[in-house]
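Engineer: A single structure is presented below for examination.
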Amino acid sequence: MLRLASLAAALYAFWILMSGYLEPFLLGAGLACALAVTWLARRMEIADPEGHPAHLTPAAFGYWPWLVLEILRSGLAVCRIIVDPRLPVSPTLVRFRPSQKTAVGLATHANSITLTPGTLTVAADHDEFLVHGLTRETARATVASEMDRRVRRFEGGD
Amino acid sequence: MSPADAISWALLAAGGVSCVLGAVGLLRMPDFFTRMHAASVVDTVGAGLILLGLMVQAGLTLVTVKLVVIGLLIFFTSPTASHALARAALARGLEPKLADGGAPSKP
């Protein structure tokens, strides 16, 4: 119930921020739409901890800034490789077992690897990730990485 | 030029340079998978810095809120699309050129 209320509130806030109009009719229409979508989401059984992971919001604000810095750092490294006349790439595939337990955690880990320039998740399953790295070092750095530990903490693990 | 303008232009210029470098990488890289790494510089660092520069231009307005939403959209959808592309390529039998020969290395 709390999750449904938070979904409706989030949808309504999204409506108001996107429209920017505060006329009674539009505010009412927005509320009706937010409630209708929440009802549909409940009927479709997608308003669950996976479809609307509201409980992860505080943790996200701890994880995302770190991820942004990581993206900038590896973006710079990939740019250096691109401008290097010798083009020092050593493409490598690695397989490893991610430590996350929940679907949201696994998806966050896989997406974070892909977002970081120089590494790309080719296959993501519960018990195995297949990662393509632009260099040997970037590929191997994804195995049992700090990102793995941080996403584990983000999804609520120890 | 106000300090906010200076910061905004620096961010926009840095974003533009990242996009150009990503495009150069796209042309220089040897195979499909390494090209995707170059492209990811464009849609993370390039798009991120340009959006940040535009947010500084817009200030604390609803426009900034919309830019934040666009940024979130890119940060959630682009890795999903990249992953689907790479997985589809591998599933159709496109072998990546690897530095250490065939098999993926076991840690």
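The way I read the labels, and the way they are meant: chains A, B, ... in the order of the structure tokens, residue 1 as the first residue of every chain, and ligand 1 as the first ligand shown, with later ones counted on from there.
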Show me, as JSON, numbers by chain, the residues of chain B whose atoms get within 6 Å of chain A, using only C-alpha atoms for the distance check.
Structural biologist: {"B": [25, 34, 37, 40, 41, 79, 83, 86, 87, 98, 99, 104, 105]}
Engineer: If you run DSSP on this backbone, which residues of region 30-142 of chain A come out as strand (DSSP E or B), and could you give them as a list in words?
Structural biologist: Thr92, Leu93, Val94, Arg95, Phe96, Thr119, Leu120, Thr121, Val122, Ala123, Ala124, Phe129, Leu130, Val131, His132 and Gly133 of chain A
Engineer: Residues within 12 Å of Leu106 (chain A), please, as a PyMOL selection string. Count only C-alpha atoms; anything in the same chain fewer than 4 positions from it doesn't count.
Structural biologist: chain A and resi 50+97-102+110-113+121+123-129+147-152+154-155
Engineer: So which residues touch region 5-9 of chain B within 12 Å, counting only C-alpha atoms, skipping near sequence neighbours fewer than 2 positions away, as a list in words?
Structural biologist: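 The neighbour list is Met1, Ser2, Pro3, Leu11, Leu12, Ala13, Ala14, Gly15, Gly16, Leu49, Ile50, Leu51, Leu52, Gly53, Leu54, Met55, Val56, Gln57, Ala58 and Gly59 of chain B.
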Engineer: Residues as selected, N, CA and C atoms, written as an mmCIF file, in the first residue's frame, can you do that?
Structural biologist:
data_model
loop_
_atom_site.group_PDB
_atom_site.id
_atom_site.type_symbol
_atom_site.label_atom_id
_atom_site.label_comp_id
_atom_site.auth_asym_id
_atom_site.auth_seq_id
_atom_site.Cartn_x
_atom_site.Cartn_y
_atom_site.Cartn_z
ATOM 1 N N MET B 1 31.285 38.518 -19.370
ATOM 2 C CA MET B 1 30.756 37.157 -19.202
ATOM 3 C C MET B 1 30.692 36.802 -17.718
ATOM 4 N N SER B 2 29.530 36.360 -17.265
ATOM 5 C CA SER B 2 29.358 36.005 -15.855
ATOM 6 C C SER B 2 30.044 34.669 -15.553
ATOM 7 N N PRO B 3 30.365 34.443 -14.279
ATOM 8 C CA PRO B 3 31.009 33.161 -13.923
ATOM 9 C C PRO B 3 30.180 31.950 -14.345
ATOM 10 N N LEU B 11 31.793 23.554 -19.766
ATOM 11 C CA LEU B 11 31.144 22.235 -19.783
ATOM 12 C C LEU B 11 30.688 21.879 -21.196
ATOM 13 N N LEU B 12 30.063 22.859 -21.893
ATOM 14 C CA LEU B 12 29.577 22.587 -23.252
ATOM 15 C C LEU B 12 30.736 22.254 -24.183
ATOM 16 N N ALA B 13 31.854 23.009 -24.049
ATOM 17 C CA ALA B 13 33.008 22.762 -24.915
ATOM 18 C C ALA B 13 33.599 21.386 -24.630
ATOM 19 N N ALA B 14 33.734 21.048 -23.327
ATOM 20 C CA ALA B 14 34.283 19.740 -22.958
ATOM 21 C C ALA B 14 33.384 18.624 -23.497
ATOM 22 N N GLY B 15 32.058 18.809 -23.404
ATOM 23 C CA GLY B 15 31.122 17.815 -23.939
ATOM 24 C C GLY B 15 31.273 17.668 -25.443
ATOM 25 N N GLY B 16 31.412 18.803 -26.132
ATOM 26 C CA GLY B 16 31.581 18.759 -27.590
ATOM 27 C C GLY B 16 32.851 18.031 -27.989
ATOM 28 N N LEU B 49 28.052 15.954 -20.118
ATOM 29 C CA LEU B 49 28.647 17.287 -19.955
ATOM 30 C C LEU B 49 27.812 18.354 -20.660
ATOM 31 N N ILE B 50 27.276 18.032 -21.850
ATOM 32 C CA ILE B 50 26.450 19.009 -22.572
ATOM 33 C C ILE B 50 25.174 19.316 -21.775
ATOM 34 N N LEU B 51 24.535 18.267 -21.237
ATOM 35 C CA LEU B 51 23.330 18.485 -20.422
ATOM 36 C C LEU B 51 23.654 19.332 -19.185
ATOM 37 N N LEU B 52 24.805 19.044 -18.547
ATOM 38 C CA LEU B 52 25.211 19.807 -17.366
ATOM 39 C C LEU B 52 25.439 21.281 -17.734
ATOM 40 N N GLY B 53 26.078 21.521 -18.870
ATOM 41 C CA GLY B 53 26.316 22.888 -19.333
ATOM 42 C C GLY B 53 25.007 23.621 -19.569
ATOM 43 N N LEU B 54 24.021 22.925 -20.164
ATOM 44 C CA LEU B 54 22.717 23.531 -20.417
ATOM 45 C C LEU B 54 21.974 23.810 -19.121
ATOM 46 N N MET B 55 22.163 22.914 -18.111
ATOM 47 C CA MET B 55 21.505 23.144 -16.816
ATOM 48 C C MET B 55 22.040 24.417 -16.168
ATOM 49 N N VAL B 56 23.363 24.647 -16.284
ATOM 50 C CA VAL B 56 23.942 25.868 -15.720
ATOM 51 C C VAL B 56 23.353 27.087 -16.441
ATOM 52 N N GLN B 57 23.139 26.986 -17.757
ATOM 53 C CA GLN B 57 22.508 28.083 -18.525
ATOM 54 C C GLN B 57 21.084 28.344 -18.033
ATOM 55 N N ALA B 58 20.313 27.265 -17.783
ATOM 56 C CA ALA B 58 18.895 27.416 -17.452
ATOM 57 C C ALA B 58 18.685 27.853 -16.011
ATOM 58 N N GLY B 59 19.639 27.575 -15.123
ATOM 59 C CA GLY B 59 19.474 27.941 -13.721
ATOM 60 C C GLY B 59 18.414 27.095 -13.025
#
Engineer: Take CA of Gly93 (chain B) and CA of Leu27 (chain B) and report the distance between them in Å, one decimal.
Structural biologist: 22.4 Å
Engineer: So the first atom is CA of Leu62 (chain B) and the second is CA of Ile74 (chain B); what is the distance between them in Å, to one decimal place?
Structural biologist: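 Between these atoms lies a distance of 18.6 Å.
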Engineer: Take CA of Leu21 (chain B) and CA of Gly71 (chain B) and report the distance between them in Å, one decimal.
Structural biologist: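 These two atoms are separated by 20.4 Å.
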Engineer: Write down as number ranges by chain the residues of region 31-78 of chain A whose backbone DSSP state falls under alpha helix (DSSP H).
Structural biologist: A: 31-43, 57-78
Engineer: May I ask which of the residues A:Leu40, A:Leu2, A:Ala32, A:Leu26 is the closest one to Pro53 (chain A), counting only C-alpha atoms?
Structural biologist: A:Leu2
Engineer: List the spatial neighbours of Ala34 (chain A) as an MDAnalysis selection string - criterion: any atom at most 9 Å away, only C-alpha atoms, same-chain residues fewer than 3 positions off excluded.
Structural biologist: chainID A and resid 7:12 15 29:31 37:39
